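Worksheet for the structure shown next.
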Amino acid sequence: MIKLIESLRTLIATPSVSCVNPAFDQSNRPVIDHLATWLTDLGFSVEILPLPTQPHKANLIATLGKGSGGLVLAGHTDTVPFDAQRWQSDPFKLSERDDRLYGLGTADMKSFFGLAIEAIRQFRASDFKEPLIIIATADEESSMDGATALVELGRPKARYAIVGEPTYLQPIRAHKGIMMESIRVTGRAGHSSDPSLGNSALEGMHAVIAEVLHFRKDIQQRYRDIHFKVPYPTLNLGHIHGGDNPNRICGECELQFDLRPLPAMDPQAIRAELQQRLQTTLANTGLDLQLQPLIQGTPPMHTDATTAIVRLAEKLTGHAAQAVAFCTEGPYYNQLGMQTIILGPGHIDQAHQPDEYLALDQIHPTVQLLQQFIQRCCVQADV
């Protein structure tokens with residue numbers, strides 16, 4: 001246990017914030033370097049792969065054993081930004097109180113790496129019929145550049161993957177995706193005393209918003225999945241800004257929204273449909289329309305309930321696999337050809353919150369559960 005707590009203390013003490021705001025964004029290399037050292041000491045073959053888009057950040061692929069198939073244990077090394085004044089203790093110091101371990105990344109999701117390494121200690125490469133692969137990525141909390149770099153690389157290749165996001169050790173086999181989009185309407189500014197002197201982008205945006213809400217109603221009627229708590233796609237109008245003064249006709253207006261598609265939905269097709277509808281709405285107005293993504297976005301995830309990894313997870317945990325609204329790197333591992341589930345310690349309610357914590361009573365069950373997965377997927381290879 002001493003080794004485990006020391007590794008968790010080191011991971012929490014090593015800042016690795018990723019953020020779309022450069023003022024808060026940090027490299028994850030120090031975390032990757034710690035993991036590389038520990039896994040090398042356990043006999044893993046370790047590769048550190050700088051991101052093509054951000055070479056100061058990196059992914060890690062560590063392999064124990066040889067051959068095809070096997071199991072991936074995957075997670076991200078970055079955390080979200082934090083408000084230090086809202087924490088009762090130092091976010092970068094692992095603090096134990098109330099039978100909990102507090103610190104930035106304890107739940108989401110640095111602790112998973114420490115617990116995975118603890119689970120691995122009882123195994124040797126010679127035990128394995130199929131390999132065990134540890135994946136640590138960069139930028140899950142912002143750009144998803146780490147996961148997309150793996151897909152572009154075409155690695156890793158394994159039979160199964162477990163992404164250790166906080167699920168309270170209950171298996172997740174599906175989640176919604178996320179799209180963040182910008183709609184920009186451009187008209188012509190002019191003196192407000194004479195409407196003929198301009199073309200109001202703000203009035204055009206009024207028509208756009210009405211059409212977006214009609215679009216939302218339509219897709220919510222078309223797409224339903226009862227496995228989700230909110231069984232339809234959501235679309236949230238999150239931010240709007242336009243014009244510069246009450247006595248000027250608004251020359252430009254921008255609306256930003258997020259859309260969370262269900263697994264049955266193709267994000268590109270959804271965007272194309274909305275683009276067509278909005279162009280029709282503004283036809284013959286003289287206003288210019290631009291619809292573009294604010295982020296790359298994450299596709300929905302779906303792993304079939306009948307797959308071997310889902311059945312094994314349900315057997316080992318005693319819980320039926322669920323569907324959730326939050327996003328993970330899971331769909332990228334599915335794209336690489338692996339049967340993927342989301343399963344890890346801690347609760348999603350703790351993620352991105354002040355005083356983030358991992359309950360101590362999650363530690364032993366997580367280590368034991370991961371050992372069972374490794375035994376079945378790598379040692380026995382009989383899933």
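Identifiers for the structure tokens are assigned positionally: chains receive A, B, ... in sequence, residues are indexed from 1 per chain, and ligands are indexed from 1 in the order shown.
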Contacts of stretch 157-174 of chain A at 7 Å or less, counting only C-alpha atoms, minus same-chain residues fewer than 5 places along, as an NGL selection string?
:A and (68-75 or 107-109 or 112 or 301-303 or 309 or 313-314 or 317 or 319 or 321-324 or 330 or 333 or 336 or 338-348)
Could you write out the selected residues, including C-alpha atoms, as a PDB file, in the first residue's frame?
```pdb
ATOM      1  CA  SER A  68      -1.652 -10.312 -30.703  1.00  0.00           C
ATOM      2  CA  GLY A  69      -4.893  -9.777 -28.854  1.00  0.00           C
ATOM      3  CA  GLY A  70      -4.717  -8.927 -25.175  1.00  0.00           C
ATOM      4  CA  LEU A  71      -6.023  -6.088 -23.082  1.00  0.00           C
ATOM      5  CA  VAL A  72      -5.542  -2.311 -23.051  1.00  0.00           C
ATOM      6  CA  LEU A  73      -5.902  -0.372 -19.810  1.00  0.00           C
ATOM      7  CA  ALA A  74      -6.252   3.239 -20.890  1.00  0.00           C
ATOM      8  CA  GLY A  75      -6.571   6.683 -19.417  1.00  0.00           C
ATOM      9  CA  ALA A 107     -11.175  10.725  -9.583  1.00  0.00           C
ATOM     10  CA  ASP A 108     -10.605  12.067 -13.095  1.00  0.00           C
ATOM     11  CA  MET A 109      -8.396  10.193 -13.567  1.00  0.00           C
ATOM     12  CA  PHE A 112      -6.443   4.873 -12.267  1.00  0.00           C
ATOM     13  CA  MET A 301     -19.632   5.441 -28.277  1.00  0.00           C
ATOM     14  CA  HIS A 302     -21.439   2.132 -28.584  1.00  0.00           C
ATOM     15  CA  THR A 303     -20.167  -1.341 -27.746  1.00  0.00           C
ATOM     16  CA  ILE A 309     -15.809  -7.687 -22.809  1.00  0.00           C
ATOM     17  CA  ALA A 313     -17.471  -6.882 -17.090  1.00  0.00           C
ATOM     18  CA  GLU A 314     -21.053  -7.563 -16.068  1.00  0.00           C
ATOM     19  CA  THR A 317     -18.796  -6.425 -11.332  1.00  0.00           C
ATOM     20  CA  HIS A 319     -23.721  -4.746 -12.630  1.00  0.00           C
ATOM     21  CA  ALA A 321     -23.583  -2.261 -18.458  1.00  0.00           C
ATOM     22  CA  GLN A 322     -25.086   1.218 -18.726  1.00  0.00           C
ATOM     23  CA  ALA A 323     -25.161   4.253 -21.036  1.00  0.00           C
ATOM     24  CA  VAL A 324     -24.115   7.737 -19.883  1.00  0.00           C
ATOM     25  CA  GLY A 330     -13.781   5.112 -25.646  1.00  0.00           C
ATOM     26  CA  TYR A 333     -10.455   2.614 -29.110  1.00  0.00           C
ATOM     27  CA  LEU A 336      -9.003   0.953 -33.546  1.00  0.00           C
ATOM     28  CA  MET A 338     -11.161  -3.108 -29.887  1.00  0.00           C
ATOM     29  CA  GLN A 339     -14.179  -4.100 -27.826  1.00  0.00           C
ATOM     30  CA  THR A 340     -14.244  -1.187 -25.383  1.00  0.00           C
ATOM     31  CA  ILE A 341     -15.884  -0.441 -22.064  1.00  0.00           C
ATOM     32  CA  ILE A 342     -15.560   2.455 -19.620  1.00  0.00           C
ATOM     33  CA  LEU A 343     -14.862   1.258 -16.083  1.00  0.00           C
ATOM     34  CA  GLY A 344     -12.947   2.903 -13.266  1.00  0.00           C
ATOM     35  CA  PRO A 345     -12.890   4.006  -9.630  1.00  0.00           C
ATOM     36  CA  GLY A 346     -14.499   7.146  -8.276  1.00  0.00           C
ATOM     37  CA  HIS A 347     -17.695   8.883  -9.283  1.00  0.00           C
ATOM     38  CA  ILE A 348     -18.234  11.204 -12.239  1.00  0.00           C
TER      39      ILE A 348
END
```
So that I can check the surroundings of stretch 80-93 of chain A, please list as a list in words every protein, DNA and RNA residue that reaches within 9 Å of it, counting only C-alpha atoms and ignoring chain neighbours fewer than 3 positions away.
Arg9, Thr10, Leu11, Ile12, Ala13, Thr14, Pro15, Ser16, Val17, Ser18, Cys19, Phe24, Asp25, Tyr102, Gly103, Leu104, Gly105, Asp108, Glu141, Ser142, Ala351, His352, Gln353, Pro354, Asp355 and Glu356 of chain A
Top pick for closest residue to A:Glu254, considering A:Asp225, A:Ser182, A:Lys315, A:Gly286 and counting only C-alpha atoms:
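Among the listed residues, A:Ser182 lies closest to A:Glu254.
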DSSP helix (DSSP H, G or I) residues within stretch 187-278 of chain A, as a count of residues only:
37
Just list the residues in stretch 186-327 of chain A DSSP gives strand (DSSP E) on the backbone, as an NGL selection string.
:A and (186 or 190-191 or 234-242 or 248-249 or 252-260 or 288-293 or 301-302 or 322-324)
For the residues in the current selection, export C-alpha atoms as a PDB file, in the first residue's frame.
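result02.pdb, written as the output of this step:
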```pdb
ATOM      1  CA  THR A 186     -22.913  38.744 -40.951  1.00  0.00           C
ATOM      2  CA  GLY A 190     -25.466  51.311 -40.210  1.00  0.00           C
ATOM      3  CA  HIS A 191     -27.177  54.184 -38.413  1.00  0.00           C
ATOM      4  CA  THR A 234     -29.718  17.491 -26.367  1.00  0.00           C
ATOM      5  CA  LEU A 235     -28.920  20.870 -27.906  1.00  0.00           C
ATOM      6  CA  ASN A 236     -28.045  23.775 -25.620  1.00  0.00           C
ATOM      7  CA  LEU A 237     -27.875  27.424 -26.717  1.00  0.00           C
ATOM      8  CA  GLY A 238     -24.909  28.432 -24.595  1.00  0.00           C
ATOM      9  CA  HIS A 239     -23.568  31.818 -25.720  1.00  0.00           C
ATOM     10  CA  ILE A 240     -24.598  34.689 -27.979  1.00  0.00           C
ATOM     11  CA  HIS A 241     -23.009  38.010 -28.818  1.00  0.00           C
ATOM     12  CA  GLY A 242     -23.802  40.607 -31.441  1.00  0.00           C
ATOM     13  CA  ARG A 248     -26.132  50.967 -34.613  1.00  0.00           C
ATOM     14  CA  ILE A 249     -27.659  48.316 -36.798  1.00  0.00           C
ATOM     15  CA  GLU A 252     -22.427  40.675 -36.940  1.00  0.00           C
ATOM     16  CA  CYS A 253     -23.894  38.186 -34.472  1.00  0.00           C
ATOM     17  CA  GLU A 254     -22.566  34.832 -33.235  1.00  0.00           C
ATOM     18  CA  LEU A 255     -24.348  31.994 -31.454  1.00  0.00           C
ATOM     19  CA  GLN A 256     -22.494  29.090 -29.828  1.00  0.00           C
ATOM     20  CA  PHE A 257     -24.214  25.856 -28.864  1.00  0.00           C
ATOM     21  CA  ASP A 258     -23.440  22.287 -27.938  1.00  0.00           C
ATOM     22  CA  LEU A 259     -25.154  19.183 -29.269  1.00  0.00           C
ATOM     23  CA  ARG A 260     -24.838  15.732 -27.701  1.00  0.00           C
ATOM     24  CA  ASP A 288     -24.011  35.746 -44.766  1.00  0.00           C
ATOM     25  CA  LEU A 289     -24.074  32.519 -42.739  1.00  0.00           C
ATOM     26  CA  GLN A 290     -21.181  30.490 -41.361  1.00  0.00           C
ATOM     27  CA  LEU A 291     -21.623  27.259 -39.379  1.00  0.00           C
ATOM     28  CA  GLN A 292     -18.391  25.780 -38.072  1.00  0.00           C
ATOM     29  CA  PRO A 293     -17.207  23.566 -35.219  1.00  0.00           C
ATOM     30  CA  MET A 301     -19.632   5.441 -28.277  1.00  0.00           C
ATOM     31  CA  HIS A 302     -21.439   2.132 -28.584  1.00  0.00           C
ATOM     32  CA  GLN A 322     -25.086   1.218 -18.726  1.00  0.00           C
ATOM     33  CA  ALA A 323     -25.161   4.253 -21.036  1.00  0.00           C
ATOM     34  CA  VAL A 324     -24.115   7.737 -19.883  1.00  0.00           C
TER      35      VAL A 324
END
```
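For the set A:Gln54, A:Cys378, A:Val230, A:Ile219, the residue with the smallest atom-to-atom gap to A:Ala269 is A:Ile219, counting only C-alpha atoms.
Using only C-alpha atoms, the protein and nucleic acid residues lying no more than 10 Å from A:Pro267, apart from those fewer than 2 places from it along its own chain, are A:Gly177, A:Ile178, A:Met179, A:Leu259, A:Arg260, A:Pro261, A:Leu262, A:Pro263, A:Ala264, A:Met265, A:Ala269, A:Ile270, A:Arg271, A:Ala272, A:Glu273, A:Gly297, A:Thr298, A:Pro299, A:Pro300.
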A:Arg277, A:His56, A:His227, A:His175 ranked by distance to A:Val212, top pick (using only C-alpha atoms):
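Smallest separation from A:Val212 among the options: A:Arg277.
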Please determine, counting only C-alpha atoms, which residue among A:Gln122, A:Ser111, A:Gln350, A:Asn334 has the shortest atom-to-atom distance to A:Leu35.
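Of all the options, A:Ser111 lies closest to A:Leu35.
Using only C-alpha atoms for every distance, the candidate list A:Val383, A:Gln335, A:Asn21, A:Met180 yields A:Val383 as the residue closest to A:Val310.
For the choices A:Met205, A:Ala189, A:Leu49, A:Leu115, the atom-to-atom distance to A:Leu360 is smallest for A:Leu115 when using only C-alpha atoms.
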For A:Ile117, please output as a count of residues only all residues within 9 Å (counting only C-alpha atoms; exclusion window: fewer than 6 positions along the same chain).
5
